[in-house]
Structures are given as C-alpha cells and as structure tokens.
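**Q** The following file, upload20.txt, comprises compact mmCIF, C-alpha atoms:
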```
# COMPACT_ATOMS: atom_id res chain seq x y z
CA MET A 1 0.00 0.00 0.00
CA ILE A 2 1.48 3.34 -1.05
CA GLY A 3 0.21 6.87 -0.65
CA SER A 4 -2.11 5.91 2.21
CA GLU A 5 -1.55 9.01 4.36
CA GLY A 6 -2.39 11.71 1.82
CA PRO A 7 -5.99 12.88 1.31
CA TRP A 8 -8.13 10.13 -0.17
CA ILE A 9 -10.64 10.47 -2.98
CA THR A 10 -13.68 8.62 -1.63
CA GLY A 11 -16.44 9.68 -4.00
CA VAL A 12 -17.07 10.89 -7.53
CA GLY A 13 -19.99 12.47 -9.36
CA ALA A 14 -19.93 13.02 -13.10
CA ALA A 15 -21.89 13.76 -16.24
CA THR A 16 -19.70 13.36 -19.33
CA PRO A 17 -19.93 12.44 -23.02
CA LEU A 18 -19.25 8.83 -21.94
CA GLY A 19 -21.85 8.57 -19.20
CA ASP A 20 -22.81 9.74 -15.72
CA THR A 21 -21.58 6.96 -13.42
CA PHE A 22 -18.06 5.80 -12.62
CA ASP A 23 -18.68 2.28 -13.96
CA ALA A 24 -20.33 3.44 -17.20
CA ILE A 25 -17.51 5.88 -17.92
CA ALA A 26 -14.88 3.28 -17.01
CA ASP A 27 -16.44 0.67 -19.29
CA ARG A 28 -16.52 3.05 -22.25
CA LEU A 29 -13.02 4.41 -21.70
CA LEU A 30 -11.58 0.91 -21.56
CA ALA A 31 -13.63 -0.17 -24.58
CA GLY A 32 -12.18 2.72 -26.60
CA GLN A 33 -15.60 4.23 -27.32
CA SER A 34 -15.80 7.76 -28.68
CA GLY A 35 -18.37 10.27 -27.48
CA VAL A 36 -17.83 12.57 -30.47
CA ASP A 37 -20.61 13.17 -32.97
CA ARG A 38 -22.16 15.95 -35.06
CA VAL A 39 -23.23 18.86 -32.85
CA ARG A 40 -26.82 18.63 -31.63
CA GLY A 41 -28.98 21.47 -30.37
CA PHE A 42 -28.12 24.31 -32.75
CA ASP A 43 -27.36 24.90 -36.41
CA VAL A 44 -23.70 24.32 -37.27
CA SER A 45 -23.91 24.56 -41.06
CA GLU A 46 -21.86 27.78 -41.12
CA HIS A 47 -19.22 26.56 -38.67
CA PRO A 48 -15.85 25.23 -39.88
CA SER A 49 -15.96 22.55 -37.15
CA GLN A 50 -19.33 20.85 -36.79
CA ILE A 51 -18.56 18.10 -34.29
CA ALA A 52 -18.31 17.82 -30.50
CA ALA A 53 -18.60 15.45 -27.54
CA GLN A 54 -21.82 16.45 -25.80
CA VAL A 55 -23.71 15.43 -22.66
CA ASP A 56 -27.10 14.04 -23.65
CA ARG A 57 -28.55 13.77 -20.16
CA ILE A 58 -27.89 15.35 -16.77
CA PRO A 59 -29.59 13.19 -14.12
CA CYS A 60 -31.75 14.76 -11.44
CA PRO A 61 -30.44 14.07 -7.90
CA ALA A 62 -32.54 11.59 -5.94
CA GLY A 63 -35.39 13.21 -4.04
CA TRP A 64 -35.42 16.43 -6.11
CA ASP A 65 -38.37 17.60 -8.20
CA ILE A 66 -37.52 16.57 -11.78
CA LYS A 67 -39.48 19.35 -13.49
CA ALA A 68 -38.08 22.09 -11.26
CA PHE A 69 -34.57 20.72 -11.71
CA GLY A 70 -35.04 20.68 -15.49
CA ARG A 71 -35.87 24.41 -15.50
CA ARG A 72 -32.47 25.33 -14.07
CA PRO A 73 -29.66 26.41 -16.44
CA ARG A 74 -27.75 23.36 -17.71
CA LEU A 75 -24.47 24.38 -16.07
CA GLU A 76 -26.31 24.69 -12.75
CA GLN A 77 -27.90 21.26 -13.25
CA LEU A 78 -24.49 19.80 -14.07
CA ALA A 79 -22.74 21.20 -11.00
CA LEU A 80 -25.55 20.28 -8.60
CA TRP A 81 -25.74 16.73 -9.96
CA CYS A 82 -21.97 16.20 -9.80
CA CYS A 83 -21.70 17.50 -6.23
CA ALA A 84 -24.73 15.61 -4.91
CA ALA A 85 -23.69 12.40 -6.68
CA ALA A 86 -20.15 12.64 -5.29
CA LEU A 87 -21.44 13.03 -1.73
CA ARG A 88 -23.74 10.05 -2.14
CA ASP A 89 -20.97 7.96 -3.68
CA ALA A 90 -18.69 8.74 -0.74
CA GLY A 91 -21.41 7.95 1.81
CA TRP A 92 -21.58 11.54 3.10
CA TRP A 93 -24.93 12.72 1.77
CA ASP A 94 -26.96 12.00 4.91
CA HIS A 95 -24.16 13.27 7.18
CA ARG A 96 -23.00 16.36 5.27
CA ALA A 97 -24.41 18.77 7.86
CA SER A 98 -22.20 17.27 10.59
CA VAL A 99 -18.87 18.34 9.03
CA ARG A 100 -17.19 21.47 7.68
CA LEU A 101 -17.68 20.66 4.02
CA GLY A 102 -15.83 22.87 1.54
CA LEU A 103 -16.31 23.33 -2.18
CA ILE A 104 -13.73 24.24 -4.85
CA LEU A 105 -15.13 24.31 -8.36
CA GLY A 106 -13.40 25.13 -11.63
CA LEU A 107 -15.72 27.22 -13.80
CA GLY A 108 -14.35 28.88 -16.91
CA ALA A 109 -17.37 30.51 -18.53
CA GLU A 110 -20.07 30.83 -15.90
CA TRP A 111 -21.24 34.30 -16.88
CA SER A 112 -20.56 34.17 -20.62
CA LEU A 113 -22.76 31.08 -20.94
CA ILE A 114 -25.63 32.95 -19.29
CA TRP A 115 -25.07 36.04 -21.43
CA GLU A 116 -24.84 34.04 -24.65
CA GLU A 117 -28.06 32.14 -23.99
CA ASP A 118 -29.83 35.38 -23.06
CA ALA A 119 -28.54 37.16 -26.17
CA PHE A 120 -29.97 34.47 -28.46
CA ARG A 121 -33.33 35.06 -26.79
CA GLY A 122 -33.02 38.78 -27.53
CA GLY A 123 -32.02 39.85 -24.01
CA ASP A 124 -29.49 42.43 -22.84
CA ARG A 125 -28.09 40.91 -19.64
CA VAL A 126 -24.53 41.34 -20.88
CA TYR A 127 -25.03 45.12 -20.61
CA ASP A 128 -26.82 45.12 -17.24
CA PRO A 129 -25.06 43.42 -14.30
CA ARG A 130 -28.20 43.93 -12.18
CA GLN A 131 -29.81 41.07 -14.11
CA ASP A 132 -27.10 38.57 -13.23
CA THR A 133 -27.87 35.74 -10.86
CA GLU A 134 -25.82 34.80 -7.80
CA PRO A 135 -22.59 32.83 -8.32
CA LEU A 136 -22.99 29.13 -8.93
CA VAL A 137 -20.93 28.08 -5.90
CA LYS A 138 -23.26 30.11 -3.71
CA ILE A 139 -26.26 28.31 -5.20
CA ILE A 140 -24.61 24.92 -4.60
CA ARG A 141 -23.67 25.85 -1.05
CA ARG A 142 -27.26 26.82 -0.25
CA GLU A 143 -28.99 23.96 -2.10
CA LEU A 144 -26.74 21.27 -0.62
CA GLY A 145 -26.44 22.81 2.84
CA LEU A 146 -22.66 23.06 2.87
CA SER A 147 -21.04 24.68 5.90
CA GLY A 148 -17.43 25.20 4.78
CA PRO A 149 -15.72 27.75 2.55
CA THR A 150 -16.41 27.86 -1.19
CA LEU A 151 -14.23 28.95 -4.08
CA THR A 152 -14.59 29.33 -7.85
CA LEU A 153 -11.38 29.17 -9.85
CA SER A 154 -10.61 29.58 -13.52
CA ALA A 155 -7.29 28.31 -14.83
CA ALA A 156 -8.49 27.15 -18.24
CA CYS A 157 -7.80 23.47 -18.94
CA ALA A 158 -5.82 23.13 -15.69
CA SER A 159 -8.75 24.11 -13.44
CA GLY A 160 -9.63 20.57 -12.31
CA ASN A 161 -6.09 19.77 -11.19
CA HIS A 162 -5.84 23.09 -9.35
CA ALA A 163 -9.15 22.40 -7.59
CA LEU A 164 -7.94 19.04 -6.25
CA ALA A 165 -4.60 20.54 -5.22
CA LEU A 166 -6.32 23.33 -3.28
CA ALA A 167 -8.67 20.84 -1.62
CA LYS A 168 -5.61 18.88 -0.52
CA ARG A 169 -4.14 22.04 1.01
CA TRP A 170 -7.38 23.01 2.76
CA LEU A 171 -7.52 19.57 4.37
CA GLU A 172 -3.86 19.70 5.42
CA LEU A 173 -4.37 23.16 6.95
CA GLY A 174 -7.45 22.00 8.82
CA TRP A 175 -9.74 24.56 7.19
CA VAL A 176 -12.30 21.86 6.28
CA ASP A 177 -13.15 18.33 7.41
CA LEU A 178 -13.73 17.19 3.86
CA CYS A 179 -13.98 18.92 0.50
CA LEU A 180 -15.78 18.73 -2.83
CA ALA A 181 -13.41 19.57 -5.68
CA GLY A 182 -13.66 19.37 -9.45
CA ALA A 183 -14.71 21.33 -12.51
CA CYS A 184 -17.66 21.77 -14.88
CA ASP A 185 -18.06 23.26 -18.34
CA MET A 186 -20.89 23.33 -20.88
CA ALA A 187 -18.95 25.07 -23.63
CA VAL A 188 -20.43 23.44 -26.73
CA THR A 189 -22.22 26.63 -27.75
CA PRO A 190 -22.39 28.66 -30.97
CA MET A 191 -19.96 31.27 -29.62
CA ALA A 192 -17.37 28.75 -28.41
CA LEU A 193 -17.57 26.68 -31.58
CA ALA A 194 -17.17 29.81 -33.71
CA SER A 195 -14.36 31.26 -31.61
CA PHE A 196 -12.16 28.16 -31.51
CA GLY A 197 -13.10 27.32 -35.07
CA ASN A 198 -11.97 30.70 -36.36
CA LEU A 199 -8.72 30.26 -34.46
CA ARG A 200 -8.28 27.03 -36.46
CA ALA A 201 -7.81 25.22 -33.15
CA LEU A 202 -10.59 22.68 -33.84
CA SER A 203 -10.55 19.58 -35.98
CA ARG A 204 -12.42 19.97 -39.26
CA ARG A 205 -12.80 16.25 -39.81
CA ASN A 206 -16.57 16.68 -39.93
CA ALA A 207 -17.26 13.66 -42.13
CA GLU A 208 -15.88 11.20 -39.56
CA PRO A 209 -16.60 12.60 -36.07
CA ARG A 210 -15.45 9.58 -34.06
CA ALA A 211 -12.09 9.58 -35.83
CA ALA A 212 -11.56 13.34 -35.51
CA SER A 213 -9.75 13.58 -32.17
CA ARG A 214 -6.28 12.18 -32.91
CA PRO A 215 -3.76 13.03 -30.18
CA PHE A 216 -0.15 12.23 -31.11
CA ASP A 217 -1.15 11.09 -34.62
CA ARG A 218 0.68 12.47 -37.64
CA GLU A 219 -2.67 13.48 -39.19
CA ARG A 220 -4.06 15.38 -36.18
CA ASP A 221 -5.64 18.69 -37.15
CA GLY A 222 -6.92 20.20 -33.89
CA PHE A 223 -8.99 19.35 -30.86
CA VAL A 224 -12.69 18.48 -30.59
CA LEU A 225 -14.87 20.47 -28.20
CA GLY A 226 -16.36 18.53 -25.30
CA GLU A 227 -18.56 19.30 -22.32
CA GLY A 228 -19.33 17.85 -18.92
CA GLY A 229 -18.23 17.89 -15.32
CA VAL A 230 -16.59 15.76 -12.63
CA VAL A 231 -16.50 16.45 -8.88
CA PHE A 232 -14.67 14.43 -6.22
CA VAL A 233 -14.90 14.08 -2.46
CA LEU A 234 -11.53 14.41 -0.71
CA GLU A 235 -11.08 13.59 2.95
CA PRO A 236 -8.22 12.89 5.34
CA ALA A 237 -6.96 9.32 5.18
CA GLY A 238 -7.48 8.82 8.90
CA MET A 239 -11.14 9.84 8.79
CA ALA A 240 -11.78 7.73 5.72
CA ARG A 241 -10.09 4.71 7.29
CA ARG A 242 -12.03 5.01 10.56
CA ARG A 243 -15.38 5.02 8.80
CA GLY A 244 -14.43 2.18 6.47
CA ALA A 245 -14.60 4.27 3.30
CA ARG A 246 -13.71 2.87 -0.10
CA PRO A 247 -10.64 4.75 -1.40
CA LEU A 248 -10.46 5.47 -5.11
CA ALA A 249 -6.93 6.91 -4.83
CA CYS A 250 -4.71 9.22 -2.81
CA VAL A 251 -3.92 12.74 -4.02
CA ALA A 252 -0.20 12.58 -3.36
CA GLY A 253 1.43 15.44 -5.24
CA HIS A 254 0.77 18.53 -7.28
CA GLY A 255 2.96 20.83 -9.32
CA ALA A 256 2.11 24.08 -11.05
CA SER A 257 3.83 26.71 -13.17
CA SER A 258 2.98 29.44 -15.64
CA ASP A 259 4.78 30.42 -18.80
CA ALA A 260 2.38 33.23 -19.87
CA TYR A 261 3.63 32.82 -23.44
CA HIS A 262 0.41 33.24 -25.43
CA PRO A 263 -3.38 33.09 -24.83
CA VAL A 264 -3.78 29.80 -26.73
CA ILE A 265 -0.45 28.71 -28.27
CA PRO A 266 1.78 26.47 -26.11
CA SER A 267 5.17 27.88 -25.19
CA PRO A 268 8.12 26.55 -27.20
CA ASP A 269 10.09 26.60 -23.94
CA PRO A 270 9.35 23.29 -22.15
CA ARG A 271 10.98 24.28 -18.85
CA PRO A 272 7.85 25.58 -17.03
CA ALA A 273 5.89 22.40 -17.82
CA ILE A 274 8.88 20.28 -16.83
CA ALA A 275 9.08 22.18 -13.53
CA ALA A 276 5.40 21.45 -12.80
CA MET A 277 5.96 17.72 -13.26
CA HIS A 278 9.11 17.74 -11.13
CA GLN A 279 7.26 19.56 -8.32
CA ALA A 280 4.46 17.01 -8.34
CA LEU A 281 6.82 14.05 -8.29
CA ALA A 282 8.88 15.60 -5.50
CA GLU A 283 5.84 16.25 -3.32
CA ALA A 284 4.66 12.68 -3.86
CA GLY A 285 8.15 11.30 -3.19
CA LEU A 286 7.92 9.44 -6.49
CA ASP A 287 10.75 8.63 -8.87
CA PRO A 288 9.88 8.73 -12.60
CA HIS A 289 10.64 5.03 -13.03
CA ARG A 290 7.86 4.20 -10.53
CA ILE A 291 5.15 5.84 -12.67
CA ASP A 292 2.74 3.22 -14.04
CA TYR A 293 0.58 5.45 -16.24
CA ILE A 294 0.42 9.02 -17.56
CA ASN A 295 -2.78 10.57 -18.80
CA ALA A 296 -1.43 13.24 -21.12
CA HIS A 297 -3.01 16.61 -21.72
CA ALA A 298 -2.52 16.00 -25.47
CA THR A 299 -5.45 17.65 -27.24
CA GLY A 300 -4.70 16.77 -30.84
CA THR A 301 -3.11 20.04 -31.92
CA PRO A 302 0.13 19.78 -33.95
CA VAL A 303 2.16 22.10 -31.70
CA GLY A 304 0.75 21.13 -28.30
CA ASP A 305 1.18 17.38 -28.56
CA ALA A 306 4.77 17.63 -29.75
CA MET A 307 5.59 20.04 -26.92
CA GLU A 308 4.14 17.72 -24.27
CA ALA A 309 5.95 14.72 -25.72
CA ALA A 310 9.23 16.62 -25.38
CA VAL A 311 8.35 17.46 -21.76
CA LEU A 312 7.58 13.83 -20.97
CA ARG A 313 10.79 12.57 -22.55
CA THR A 314 12.79 15.03 -20.48
CA VAL A 315 11.08 14.22 -17.18
CA LEU A 316 11.02 10.46 -17.70
CA ASP A 317 14.46 10.22 -19.32
CA ARG A 318 15.18 6.55 -20.05
CA ALA A 319 11.83 5.54 -18.54
CA SER A 320 10.04 7.26 -21.47
CA ARG A 321 10.50 4.02 -23.42
CA ARG A 322 8.42 2.01 -20.97
CA VAL A 323 6.01 4.33 -19.03
CA PRO A 324 2.63 4.04 -20.80
CA VAL A 325 0.99 7.26 -21.99
CA SER A 326 -2.47 7.90 -23.43
CA SER A 327 -4.81 10.80 -24.13
CA THR A 328 -8.46 10.13 -23.33
CA LYS A 329 -9.42 13.33 -25.17
CA SER A 330 -9.45 11.05 -28.20
CA MET A 331 -12.73 9.70 -26.76
CA THR A 332 -14.17 12.53 -24.67
CA GLY A 333 -13.09 15.54 -26.68
CA HIS A 334 -11.59 18.52 -24.84
CA LEU A 335 -13.81 19.50 -21.91
CA LEU A 336 -11.94 22.82 -21.56
CA THR A 337 -12.32 23.91 -17.90
CA ALA A 338 -13.41 20.39 -16.93
CA ALA A 339 -10.66 18.61 -18.89
CA GLY A 340 -8.35 18.06 -15.92
CA ALA A 341 -11.15 16.69 -13.73
CA MET A 342 -12.25 14.30 -16.48
CA GLU A 343 -8.70 13.03 -16.84
CA VAL A 344 -8.25 12.55 -13.10
CA LEU A 345 -11.30 10.32 -13.38
CA ALA A 346 -9.57 8.42 -16.19
CA CYS A 347 -6.58 7.89 -13.87
CA LEU A 348 -8.93 6.56 -11.16
CA VAL A 349 -10.31 4.13 -13.74
CA ALA A 350 -6.77 2.91 -14.44
CA ILE A 351 -6.11 2.45 -10.72
CA ARG A 352 -9.42 0.78 -9.85
CA ARG A 353 -9.67 -1.42 -12.96
CA GLN A 354 -5.92 -2.08 -13.27
CA ALA A 355 -6.13 -1.31 -16.97
CA LEU A 356 -5.02 1.65 -19.05
CA PRO A 357 -7.48 3.53 -21.27
CA PRO A 358 -6.12 3.90 -24.80
CA THR A 359 -5.55 6.73 -27.21
CA ILE A 360 -7.93 5.83 -30.03
CA ASN A 361 -7.42 7.06 -33.60
CA LEU A 362 -3.65 6.84 -33.12
CA VAL A 363 -3.00 5.16 -36.46
CA ASP A 364 0.28 6.77 -37.50
CA PRO A 365 2.21 8.10 -34.48
CA ASP A 366 4.08 11.33 -35.14
CA PRO A 367 7.85 10.77 -34.76
CA GLU A 368 7.95 14.05 -32.81
CA CYS A 369 5.61 12.39 -30.28
CA ASP A 370 7.79 9.36 -29.67
CA LEU A 371 6.48 7.85 -26.42
CA CYS A 372 5.25 4.53 -25.04
CA HIS A 373 1.71 4.94 -26.38
CA VAL A 374 -1.32 2.90 -25.35
CA ARG A 375 -2.76 2.62 -28.86
CA GLY A 376 -6.27 1.62 -29.85
CA GLU A 377 -7.07 -0.86 -27.09
CA ALA A 378 -6.95 -0.87 -23.30
CA LEU A 379 -3.84 -2.38 -21.75
CA PRO A 380 -4.04 -4.54 -18.59
CA GLN A 381 -1.51 -3.09 -16.18
CA LEU A 382 -0.69 -3.00 -12.49
CA VAL A 383 -1.26 0.66 -11.63
CA ARG A 384 -0.03 2.01 -8.32
CA ALA A 385 0.98 5.49 -9.47
CA ALA A 386 -0.79 7.54 -12.14
CA ILE A 387 -0.17 11.07 -13.36
CA SER A 388 -2.55 13.57 -14.91
CA ASN A 389 -1.07 16.45 -16.89
CA SER A 390 -3.08 19.57 -17.73
CA PHE A 391 -1.50 22.42 -19.65
CA GLY A 392 -4.06 25.19 -19.98
CA PHE A 393 -4.62 28.14 -22.27
CA GLY A 394 -2.61 31.13 -21.12
CA GLY A 395 0.28 28.94 -19.99
CA SER A 396 -1.14 27.37 -16.81
CA ASN A 397 0.74 24.09 -16.34
CA THR A 398 -0.26 21.50 -13.77
CA CYS A 399 0.61 17.93 -12.88
CA LEU A 400 -1.23 15.75 -10.37
CA VAL A 401 0.08 12.50 -8.89
CA LEU A 402 -2.47 9.89 -7.80
CA LEU A 403 -1.45 6.81 -5.85
CA ALA A 404 -3.27 3.57 -5.16
CA VAL A 405 -4.38 2.96 -1.59
```
Let me see whether you can do it: turn the structure in this file into structure tokens.
**A**
Amino acid sequence: MIGSEGPWITGVGAATPLGDTFDAIADRLLAGQSGVDRVRGFDVSEHPSQIAAQVDRIPCPAGWDIKAFGRRPRLEQLALWCCAAALRDAGWWDHRASVRLGLILGLGAEWSLIWEEDAFRGGDRVYDPRQDTEPLVKIIRRELGLSGPTLTLSAACASGNHALALAKRWLELGWVDLCLAGACDMAVTPMALASFGNLRALSRRNAEPRAASRPFDRERDGFVLGEGGVVFVLEPAGMARRRGARPLACVAGHGASSDAYHPVIPSPDPRPAIAAMHQALAEAGLDPHRIDYINAHATGTPVGDAMEAAVLRTVLDRASRRVPVSSTKSMTGHLLTAAGAMEVLACLVAIRRQALPPTINLVDPDPECDLCHVRGEALPQLVRAAISNSFGFGGSNTCLVLLAV
C-alpha cells in the first residue's frame, strides 16, 4: 500500500460524453468508445468545425423535483448533480451537515454562458449586471447545505487539477473536514464553436466525427470540443479509514507553473511544464521510473502534442521508453475547464480497474511524439501510481500525482 496518508478520494460524481456513473464511464473508456458526434442542439452549417462530444442527459439528484430541476440552467444542473452524486458515492450525503464541508469548483465561462443564452433570446443581460444571478458556488452551497468555505477558480484546462490541489491544502491546513473539488463546463455553444473554429484550433474532420480527435497522430488537425463535469470528495486518510470508506486513490502530489507565453499557443520553452511535473513528483516522493501510467493533456493540436511529448521525454528520461501514456481526449473531446477533472477520473479508472485507457485514432504516431503509447485498445496493467497532466490556455501548467491505496 502506497500513498495511504495523503488525502483520499472517496467519492465521484460526473456527467460526461461517456456517461454519468463511474462504472459506465470506465467501461466506455476501456472499450475505446468515442463520445464525439455531429453537434446537436443548434445549427452548425456555417461553422468550420461541426462536431463535438456532448452530454445528452444530466440526471436529477434523488429526491429532487424533476421538473423544477429541469428548469435550471444546464451548467447549474451539471454542478448540482456532480456534487450531490459525489457526496452520495462517498457515503456523506446524509451526514454532510455534521462536518465542515468545503467546495472548490473550476468554472471557466459561468457568466458568458448565461449572457450568450440570453442574447440568443433577444435579451441584454450582458449590458446590465443587475440582471445577473448569484454565483454558482453560492447556489450549490445553499442547495446542498454546505457549511465550509467555497471557491470558484478559472485556470483554463488546468482548473480541475488546481481544484484538487487546493482541496488537498485546505484539508492539510485544517480549514475543512472534507472537500468537494472538481470542474464543470458546458462550452459546446455557438460562440465557443465559432471562436475556436476561427482560431483554427478545432478539428475539421466533420465527415468522420469519431475519428476526428487524434492526439499524437501524424494526421491530427486540432482538438474536438467537449462538455461535462466531474466532482470528487476528498477527505483525510485517517477519517476515511475510521469510517471504512472505499478509497479510489490518494492525491499525493501537485505541481504548477505558468509560462504566460500566449493566450492559446503552447510555449516553445518546455521548462515551465517540466518544472510542474518535477514539483508534483517531489511532493509525492515518487521517482519517474515508478510511474505506471500518464494521462497526457494532449489535445490533438500539432504544436501542443509535440511540446508535451518533449516534456515527458525530459522528465522520464530513459523511462520514457516504458512508461505508458495515453490521451483520453481522443474519446471525450476537450472538456476545456473540466478537462483536468475528467482526466483525473480516467486515472482513477486505471487504478481501480488495473487497466489503461487507450488513445484511439492513433494510427500513424508522429515521430515528434515518440512515447510509449497505449494505442487503440486498453492495456491490462498493475497501476499504483498515475499522473494527470493539464497544460491550460494562457500557460497554466499543472501535474497531479495519484497513488493507489
């Protein structure tokens, strides 16, 4: 048993393009199933990229009025479902009022989503702040009866990793007894699709949606938009052990850096990303040769994937020939703010199922992305230590180390 004294992840709630339960998502990740299809819900005929990985259904939490829940904004539904489901999964739902329960949620476009939806209805909320609703974390705190501190953070694609790292710190400092942490994003909207499409950041492989997201492949032509959310329950190992909780993993180390090179283009200087990985490994007390799996940030952009491969080869050194690497964005698309949280979930799948989710659509690996790829099919593997990399827009680099318990 390694990593047993760090904060444990004891619950998860999710709604993703691959499902809304841990087992359903795990089954589809390990089966190499893609959640990418033609965009549903609005006209995409004028968009250069017409595909995305969308969430078809957000479940209503048990005991809530289904019709009233369905009238809430979709991002609000998503966050409430993920938080409530995580608490139930961890066994804390009926006892949540007895502890100082914190909440850290990555949200990248909370207000712009509201403004965009209102604008399409002919409204003018974007010009009048008096029409804005209260922050989403405040709504969650009230609706779920949380008693601890709450925080919204926005660090682009790295938000989920940052949320778990902050939850770890809050627990270590004794600010909370347990903490909800994760990220949500519902960014498959006309404005987001147009913005990233005009930047030529998105794949234009519209004729074959499920083959469009191609991390590390020589023919990759951009990322595929995704949406969804994942929230985890973190609690001290001692508390979890005393109540007989089921550990999904231990959050053992976190590293972060910023290169501030460009709003969307990865920095050609790999040193900040390398520093983030070294920090995470040092905090976890983990040598690179002991890593059993890396879930790469790799989005499917020509520049970004090659940069990350260079970072991994530097950090792993000779171990780069044998440490397995995959990018689950090939199946889920890029969940933007929620990407890191989704990929932490993929690491938990690897640890719990002792199998590595593959990079699908990796037909012709780019020589510049020379790594030990998990290609096409899941790989049975003993997984004690897994790493999730998230390198966000604006140069926010994070690395999270998860250990089996």
**Q** In terms of the shortest atom-to-atom distance over only C-alpha atoms, which of A:Ala249, A:Ile387, A:Cys179, A:Ile360 is closest to Pro324 of chain A?
**A**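 For Pro324 of chain A, the nearest of the candidates is A:Ile387.
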**Q** Just how far from atom CA of Asp177 of chain A is atom CA of Ala14 of chain A, in Å to one decimal?
**A**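 Computed distance, atom CA of Ala14 of chain A to atom CA of Asp177 of chain A, equals 22.2 Å.
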**Q** Taking only residues of segment 3-96 of chain A that have an atom at most 8 Å from an atom of segment 196-214 of chain A, what is each one's shortest atom pair and its distance in Å to one decimal, using only C-alpha atoms, in chain and number order, as CSV?
**A**
```
residue,atom,partner,partner_atom,distance
A:Ser34,CA,A:Arg210,CA,5.7
A:Gly35,CA,A:Arg210,CA,7.2
A:Val36,CA,A:Arg210,CA,5.2
A:Asp37,CA,A:Pro209,CA,5.1
A:Arg38,CA,A:Pro209,CA,6.6
A:His47,CA,A:Gly197,CA,7.1
A:Pro48,CA,A:Gly197,CA,5.9
A:Ser49,CA,A:Arg204,CA,4.9
A:Gln50,CA,A:Asn206,CA,5.9
A:Ile51,CA,A:Pro209,CA,6.1
A:Ala52,CA,A:Pro209,CA,7.8
```
**Q** What is the atom CA of Val383 of chain A to atom CA of Tyr293 of chain A distance in Å?
**A**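 Answer for the atom CA of Val383 of chain A to atom CA of Tyr293 of chain A separation: 6.9 Å.
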**Q** Go through segment 125-196 of chain A residue by residue and, counting all atoms listed in the file, keep those with an atom at most 10 Å from segment 82-92 of chain A; for each kept residue give the shortest atom pair and its distance in Å to one decimal, ordered by chain and increasing number, as a tab-separated table.
**A**
```
residue	atom	partner	partner_atom	distance
A:Ile140	CA	A:Cys83	CA	8.1
A:Glu143	CA	A:Ala84	CA	9.8
A:Leu144	CA	A:Ala84	CA	7.4
A:Leu178	CA	A:Trp92	CA	9.7
A:Cys179	CA	A:Leu87	CA	9.8
A:Leu180	CA	A:Cys83	CA	6.9
A:Ala181	CA	A:Cys83	CA	8.6
A:Gly182	CA	A:Cys83	CA	8.9
A:Ala183	CA	A:Cys82	CA	9.3
A:Cys184	CA	A:Cys82	CA	8.7
```
**Q** Between atom CA of Trp64 of chain A and atom CA of Trp93 of chain A, what is the distance in Å, rounded to a tenth?
**A** 13.6 Å
**Q** I'd like to know which of A:Ala296, A:Ala158, A:Leu146, A:Leu402 is closest to Trp8 of chain A, using all atoms listed in the file.
**A**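 Looking at the shortest contact to Trp8 of chain A, the residue is A:Leu402.
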